[in-house]
>>> print(open('data_39.csv').read())   # CSV, C-alpha atoms
chain,number,residue,atom,x,y,z
A,1,MET,CA,-1.3,6.5,18.8
A,2,ALA,CA,-1.3,7.4,15.2
A,3,TYR,CA,1.6,9.4,13.8
A,4,ASP,CA,1.6,11.6,10.7
A,5,ASP,CA,2.2,9.2,7.8
A,6,LYS,CA,5.2,11.1,6.8
A,7,ASP,CA,6.8,10.4,10.2
A,8,LEU,CA,6.8,6.6,9.5
A,9,ILE,CA,9.9,5.1,8.0
A,10,ILE,CA,7.9,2.4,6.3
A,11,TYR,CA,5.7,5.0,4.7
A,12,ASP,CA,8.7,7.0,3.5
A,13,ARG,CA,10.3,3.8,1.9
A,14,ALA,CA,7.0,2.8,0.3
A,15,TYR,CA,6.5,6.3,-1.0
A,16,HIS,CA,9.9,6.3,-2.5
A,17,LEU,CA,9.3,2.9,-4.0
A,18,CYS,CA,6.2,4.2,-5.7
A,19,LEU,CA,8.0,7.3,-7.0
A,20,TRP,CA,10.7,5.1,-8.5
A,21,LEU,CA,8.4,2.3,-9.7
A,22,TYR,CA,6.0,4.3,-11.8
A,23,PRO,CA,8.6,5.5,-14.3
A,24,ALA,CA,10.3,2.1,-14.3
A,25,THR,CA,7.1,0.2,-15.1
A,26,SER,CA,6.2,2.7,-17.8
A,27,ASN,CA,9.4,1.5,-19.6
A,28,TYR,CA,8.3,-2.2,-19.6
A,29,PRO,CA,8.0,-3.7,-23.1
A,30,ARG,CA,4.5,-3.6,-24.5
A,31,LYS,CA,4.0,-7.4,-24.0
A,32,LEU,CA,4.5,-6.8,-20.2
A,33,ARG,CA,1.9,-4.0,-19.9
A,34,GLY,CA,-0.4,-6.1,-17.7
A,35,LEU,CA,2.5,-6.9,-15.3
A,36,ALA,CA,3.5,-3.2,-15.2
A,37,ILE,CA,0.0,-2.1,-14.3
A,38,GLN,CA,-0.4,-4.9,-11.7
A,39,THR,CA,3.0,-4.0,-10.1
A,40,ALA,CA,2.3,-0.3,-10.0
A,41,ASN,CA,-1.2,-0.9,-8.5
A,42,LEU,CA,0.2,-3.3,-5.9
A,43,ALA,CA,2.9,-0.7,-4.8
A,44,THR,CA,0.2,2.0,-4.6
A,45,GLN,CA,-2.1,-0.2,-2.6
A,46,LEU,CA,0.8,-1.0,-0.3
A,47,LEU,CA,1.3,2.7,0.4
A,48,LEU,CA,-2.4,3.2,1.0
A,49,ASP,CA,-2.5,0.2,3.4
A,50,ILE,CA,0.3,1.7,5.4
A,51,THR,CA,-1.7,4.9,5.7
A,52,LYS,CA,-4.8,2.8,6.7
A,53,ALA,CA,-2.9,0.8,9.3
A,54,ASN,CA,-1.4,3.9,10.8
A,55,ALA,CA,-4.9,5.3,11.3
A,56,GLU,CA,-6.5,2.2,12.8
A,57,ARG,CA,-6.7,1.3,16.4
A,58,SER,CA,-6.3,-2.4,15.9
A,59,LYS,CA,-3.6,-2.7,13.2
A,60,THR,CA,-2.8,-6.4,13.1
A,61,ALA,CA,-5.1,-7.4,10.2
A,62,THR,CA,-4.0,-4.5,8.0
A,63,VAL,CA,-0.3,-4.9,8.8
A,64,SER,CA,-0.6,-8.7,8.0
A,65,GLY,CA,-1.9,-7.6,4.7
A,66,ILE,CA,1.0,-5.3,4.2
A,67,VAL,CA,3.5,-8.2,4.9
A,68,LEU,CA,1.6,-10.2,2.2
A,69,ALA,CA,1.6,-7.3,-0.3
A,70,VAL,CA,5.4,-6.9,0.1
A,71,ARG,CA,5.9,-10.6,-0.6
A,72,GLN,CA,3.7,-10.3,-3.7
A,73,LEU,CA,5.5,-7.2,-4.9
A,74,LYS,CA,8.8,-9.0,-4.6
A,75,THR,CA,7.5,-11.8,-6.7
A,76,LEU,CA,6.2,-9.4,-9.4
A,77,LEU,CA,9.5,-7.5,-9.5
A,78,ARG,CA,11.5,-10.7,-9.8
A,79,LEU,CA,9.2,-11.8,-12.6
A,80,ALA,CA,9.7,-8.5,-14.4
A,81,MET,CA,13.4,-8.7,-14.1
A,82,GLU,CA,13.5,-12.3,-15.5
A,83,LEU,CA,11.2,-11.2,-18.4
A,84,LYS,CA,13.4,-8.3,-19.2
A,85,GLY,CA,11.0,-5.6,-18.0
A,86,LEU,CA,13.6,-4.4,-15.4
A,87,SER,CA,17.4,-4.5,-15.7
A,88,PHE,CA,19.3,-6.4,-13.0
A,89,SER,CA,20.4,-3.1,-11.4
A,90,GLN,CA,16.8,-1.8,-11.4
A,91,TYR,CA,15.8,-5.1,-9.8
A,92,GLU,CA,18.5,-4.7,-7.2
A,93,HIS,CA,17.3,-1.2,-6.3
A,94,ALA,CA,13.7,-2.4,-6.0
A,95,ALA,CA,14.7,-5.5,-4.0
A,96,THR,CA,16.6,-3.3,-1.6
A,97,LEU,CA,13.6,-1.1,-1.0
A,98,THR,CA,11.1,-4.0,-0.7
A,99,ASP,CA,13.4,-5.9,1.6
A,100,GLU,CA,13.6,-2.8,3.9
A,101,ILE,CA,9.8,-2.3,3.7
A,102,GLY,CA,9.3,-6.0,4.5
A,103,LYS,CA,11.6,-5.9,7.6
A,104,LEU,CA,9.8,-2.8,8.8
A,105,ALA,CA,6.4,-4.5,8.2
A,106,TRP,CA,7.5,-7.6,10.2
A,107,GLY,CA,8.6,-5.4,13.0
A,108,TRP,CA,5.3,-3.5,12.9
A,109,LEU,CA,3.4,-6.7,12.9
A,110,ARG,CA,5.3,-8.1,15.9
A,111,ALA,CA,4.6,-4.8,17.8
A,112,THR,CA,0.9,-4.8,17.0
A,113,TYR,CA,0.3,-8.6,17.5
A,114,ASP,CA,-3.0,-9.2,19.1
A,115,ASN,CA,-3.6,-12.6,20.6
A,116,LYS,CA,-7.4,-12.2,20.1
A,117,ALA,CA,-7.2,-11.2,16.5
A,118,GLN,CA,-8.2,-13.7,13.8
A,119,HIS,CA,-5.8,-12.4,11.2
A,120,ASN,CA,-2.4,-13.4,12.7
A,121,PHE,CA,-1.5,-15.9,10.0
A,122,TYR,CA,2.1,-14.7,9.6
A,123,LEU,CA,2.9,-14.5,13.3
A,124,ASP,CA,1.2,-17.8,14.0
A,125,SER,CA,3.2,-19.4,11.2
A,126,LEU,CA,6.4,-17.9,12.6
A,127,GLU,CA,5.6,-19.4,16.0
A,128,LYS,CA,5.2,-22.8,14.3
A,129,ILE,CA,8.6,-22.4,12.6
A,130,LYS,CA,10.2,-21.6,16.0
A,131,ASP,CA,8.4,-24.6,17.6
A,132,GLN,CA,9.8,-26.9,14.9
A,133,GLY,CA,13.3,-25.7,15.5
A,134,HIS,CA,13.7,-24.0,12.1
A,135,SER,CA,15.2,-20.6,11.6
A,136,SER,CA,12.8,-17.7,11.6
A,137,GLY,CA,12.2,-15.0,8.9
A,138,VAL,CA,11.4,-15.1,5.2
A,139,ALA,CA,13.4,-18.3,4.5
A,140,GLY,CA,11.5,-20.1,7.2
A,141,MET,CA,8.2,-18.6,6.1
A,142,ALA,CA,8.8,-20.0,2.6
A,143,GLY,CA,9.0,-23.5,4.1
A,144,VAL,CA,5.7,-22.9,5.9
A,145,ALA,CA,4.1,-21.6,2.8
A,146,ALA,CA,5.3,-24.6,0.9
A,147,SER,CA,4.1,-27.0,3.5
A,148,LEU,CA,0.7,-25.2,3.6
A,149,SER,CA,0.3,-25.5,-0.2
A,150,ALA,CA,1.8,-29.0,-0.5
A,151,GLY,CA,1.2,-30.3,-4.0
A,152,THR,CA,-0.1,-27.1,-5.5
A,153,SER,CA,3.2,-25.5,-6.6
A,154,PRO,CA,5.7,-26.8,-9.1
A,155,SER,CA,8.9,-28.3,-8.0
A,156,ARG,CA,11.8,-25.9,-7.6
A,157,ASN,CA,14.0,-28.4,-9.4
A,158,GLN,CA,12.1,-28.1,-12.6
A,159,PRO,CA,13.9,-26.2,-15.3
A,160,THR,CA,12.6,-22.7,-16.1
A,161,HIS,CA,12.3,-21.4,-19.6
A,162,TYR,CA,12.1,-17.8,-20.6
A,163,HIS,CA,11.3,-16.5,-24.1
>>> encode(input="data_39.csv", output="structure tokens")
Amino acid sequence: MAYDDKDLIIYDRAYHLCLWLYPATSNYPRKLRGLAIQTANLATQLLLDITKANAERSKTATVSGIVLAVRQLKTLLRLAMELKGLSFSQYEHAATLTDEIGKLAWGWLRATYDNKAQHNFYLDSLEKIKDQGHSSGVAGMAGVAASLSAGTSPSRNQPTHYH
């Protein structure tokens, strides 16, 4: 059963994130213009994907994409804060909204899980974490993501330099 998009809490939060994010990204320094555009586009696409998932009969694949988009958006927002495109208080506000959207997306994904669907990467990974005795959630998913991409990402112990 599809509800009016405005009745969905996740839609409301994503809509408010977009309303807040567009003016915030327009204030990024000129050298971060590409990051601003990419961040705003990703937030807009997230909102559109929520609308799409709400209208679909089988939502699992689209909601999995929403979970991924939230994680990508969090990454871009953190990068913007560290590169001085966002102040720390702006980042905190955006992080609060994206965390809430992420939790809602995970709940939606669990509720729409389809054993026959081929696009259950996140829930399948979550089950692997539980089977291995690790904690569930984003922290656990980070471990799975790291193990899936072993050798392709830099070490977390390497120093980071910002200019």
>>> atom_distance(input="data_39.csv", atom1="CA of Gly34 (chain A)", atom2="CA of Gln72 (chain A)")
15.2 Å
>>> atom_distance(input="data_39.csv", atom1="CA of Leu32 (chain A)", atom2="CA of Ala80 (chain A)")
8.0 Å
>>> closest_residue(input="data_39.csv", among="A:Arg71, A:Lys84, A:Arg57, A:Lys6", to="Tyr28 (chain A)", atoms="all atoms listed in the file")
A:Lys84
>>> atom_distance(input="data_39.csv", atom1="CA of Leu83 (chain A)", atom2="CA of Ala24 (chain A)")
13.9 Å
>>> closest_residue(input="data_39.csv", among="A:Val67, A:Ala55, A:Ala36, A:Leu48", to="Leu21 (chain A)", atoms="only C-alpha atoms")
A:Ala36
>>> residues_around(input="data_39.csv", residues="Glu92 (chain A)", least_positions_apart="6", cutoff="10 Å", atoms="all atoms listed in the file", output="PDB file with C-alpha atoms, in the coordinates of the input")
ATOM      1  CA  LEU A  77       9.500  -7.500  -9.500  1.00  0.00           C
ATOM      2  CA  ARG A  78      11.500 -10.700  -9.800  1.00  0.00           C
ATOM      3  CA  MET A  81      13.400  -8.700 -14.100  1.00  0.00           C
ATOM      4  CA  LEU A  86      13.600  -4.400 -15.400  1.00  0.00           C
ATOM      5  CA  THR A  98      11.100  -4.000  -0.700  1.00  0.00           C
TER       6      THR A  98
END
>>> closest_residue(input="data_39.csv", among="A:Thr112, A:Asn41, A:Thr25, A:Thr60", to="Gln90 (chain A)", atoms="all atoms listed in the file")
A:Thr25
>>> closest_residue(input="data_39.csv", among="A:Lys59, A:Asn54, A:Gly102, A:Ala43", to="Leu73 (chain A)", atoms="only C-alpha atoms")
A:Ala43
